[in-house]
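One structure below.
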Amino acid sequence: MHPERPSPVVAQPDLSEQEFRAALLRVAEWVLDYRARAVALPVLARVRPGDVLSKLPPEPPAQPEPLERWLHDLDEIILPGITHWNHPGFLAYFPTSSSAPGVLGELIAAALNANGMLWQTSPAATELEQLVLRWYARALGLPADWFGILTDTASTSTLMALAAARDSAGLPTREQGLAGQPPLVLYCSEEAHSSVEKAALVLGLGHRGVRRIPTDAEFRLRPDALEAAIREDFSAGRKPFAVVATVGTTSATAVDPVPEIAEICQRHGLWLHVDAAYAGSAAVAPEFRWALAGCERADSFVANPHKWLFTTMDCSALFTRRPAAFRHSFSLVPEYLRTDAEGAVDLMNYTFQLGRRFRALKLWFVFRGFGTEGIAARIRAHARLAREFAAWVDAHPQLERLAPVHFSVVCFRVHPEAVDDEAALEKLNAAVLEQVNATGKVFLSHTRLRGCYCLRLAIGNLGTSREQIRTAFELVCRAAGLC
Ligand SMILES: Cc1ncc(COP(=O)(O)O)c(C=O)c1O
């Protein structure tokens, strides 16, 4: 009697080794080819909402399809709908790079499929994460004994930090929630990222639980206004519990005065979280260490390797000198996750997520592929390009710079002498932006500073050269009729 024939799916549960080998090589070729031709593609996708979706079948295939068909659709349907963050002309938001070492780390992490929720579920993933974060802290000149953990984004890191801050504020929030407690308040500048306010919403504080503190002429949080707000809230019976200082604000890359803010936090017993999502990595270059002055006093600190450390999305580093506070907030161990590995760090106890991917591998590869001096040289070169662009703006009588250039971002606008009306300037600059981005050669974004609409050029992609920023400058001038 013959055993029952297994169904084909069981007989070949995945691609055969031979098929996978061929597919890997083919995909490697695709990646290399993409990286070579990306520069010729329009940086900003030229599709309209729904275009991509309308070209794809609504049902998944019932039977396997050959790789060539997947790749055909990738080239024909997906690629035209990609805004190319990897394009050297990507000068919007905070540009990122999927550096070669980062891509390699990502590939191997996918192959390993390690889940570092507990130490025992992937000892090396847990320990490498701790090591590589110590390297990162050391490279930034921050305390190497800080506890570090990788998350997906700064939004998550800040949410976790503020949860730990809330639960360490001396109220029984972990046991009883917020009901019956005095209203909790946290502080950040009016220029702080929206993720701070989103975290407050998730944490049950509401919009009213966040006080946006005014900034000075250079968009930095004003310590005197912070002190006054905290005092006012205490005397009104509210419960101040945390301050978020930003090193490198999203619009103008302003650096809040962290030493003074740390003093205030210490005086009032508040948790200090520093959001250095973009600019933190600059401190790998020693001449940018000034920006992190006072950060060693922070209770928690976030910097994103996926922003300016050439690591593929996603990778955010959250550091704390108070890991016990994170355990207090997040440790909850059901029977099925109990282990008895003595001395082991189970990262699930420090975050609200359980499963965690092996992000440390790509960060490790980036450090090994470039070295800290190589990273510093790249950051330095980007900052130099930004200063050069700023100098062209400053030298042009009809262009106006709206913020100091500390790192690699320039905020500016077209401002013809004859036009003084804000609404007209906004209309003009929005039209210039649209025209520049429609060329497909570069992609700039915009922001608003003190109510003024402005163009924002940011450098952070490894491929960006003087040529792209010169092109951006000339395109702005042409679109504005200045040349
Ligand atoms: C200062 C700052 N903080 C936080 C964030 C949010 O980053 P993420 O996308 O990693 O959540 C940003 C994004 O640009 C930012 O500029």
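Ordering of the structure tokens sets the chain letters (A, B, ...); residue numbers start at 1 within each chain; ligands are numbered from 1 in the order shown.
Those residues that approach Asp167 (chain A) to within 9 Å, counting only C-alpha atoms, are Leu162, Pro172, Thr173, Arg174, Ala325, Phe326, His328 and Ser329 of chain A; same-chain residues fewer than 5 positions away are not listed.
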If you keep N, CA and C atoms, can you produce a file of those selected residues as a short mmCIF file (atom, residue, chain, number, x, y, z; two decimals), in the first residue's frame?
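Below is the file that was written, part36.cif:
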data_model
loop_
_atom_site.label_atom_id
_atom_site.label_comp_id
_atom_site.auth_asym_id
_atom_site.auth_seq_id
_atom_site.Cartn_x
_atom_site.Cartn_y
_atom_site.Cartn_z
N LEU A 162 7.23 58.66 26.59
CA LEU A 162 6.25 59.44 27.34
C LEU A 162 5.34 58.54 28.17
N PRO A 172 -0.79 56.45 40.39
CA PRO A 172 -0.99 55.01 40.15
C PRO A 172 -1.57 54.72 38.77
N THR A 173 -0.96 55.29 37.72
CA THR A 173 -1.55 55.16 36.37
C THR A 173 -1.52 53.72 35.89
N ARG A 174 -0.46 52.99 36.25
CA ARG A 174 -0.39 51.61 35.75
C ARG A 174 -1.53 50.78 36.33
N ALA A 325 12.15 52.27 34.56
CA ALA A 325 10.87 52.95 34.33
C ALA A 325 10.15 52.33 33.12
N PHE A 326 10.92 51.95 32.12
CA PHE A 326 10.31 51.31 30.94
C PHE A 326 9.76 49.93 31.32
N HIS A 328 8.70 49.11 34.21
CA HIS A 328 7.51 49.35 35.02
C HIS A 328 6.30 49.57 34.10
N SER A 329 6.51 50.28 33.01
CA SER A 329 5.39 50.56 32.10
C SER A 329 5.01 49.35 31.26
#
Using only C-alpha atoms and all ligand atoms, which residues of the polymer chains come no farther than 10 Å from ligand 1? I'd like the answer as a ChimeraX atom specification. /A:93-95,151-159,191-196,245-254,274-280,302-307,313-317
Work out how far CA of Leu171 (chain A) is from CA of Val202 (chain A), in Å to one decimal.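 Going from CA of Val202 (chain A) over to CA of Leu171 (chain A), I get 17.9 Å.
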Neighbour list for region 285-294 of chain A as a VMD selection string, cut-off 8 Å, only C-alpha atoms, skip fewer than 4 positions in-chain: chain A and resid 140 to 141 247 255 258 to 259 262 280 298 373 375 to 377 379 to 380
So that I can see what lies close to Met348 (chain A), please list as a list in words the residues with an atom at most 12 Å from it, counting only C-alpha atoms and leaving out residues fewer than 6 positions away in the same chain.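 So the residues in contact are Asn115, Gly116, Met117, Leu118, Trp119, Gln120, Thr121, Thr126, Ile149, Leu150, Thr151, Phe326, Arg327, Ser329, Phe330, Ser331, Leu332, Val333, Pro334, Leu337, Arg338, Leu354, Gly355, Arg356 and Arg357 of chain A.
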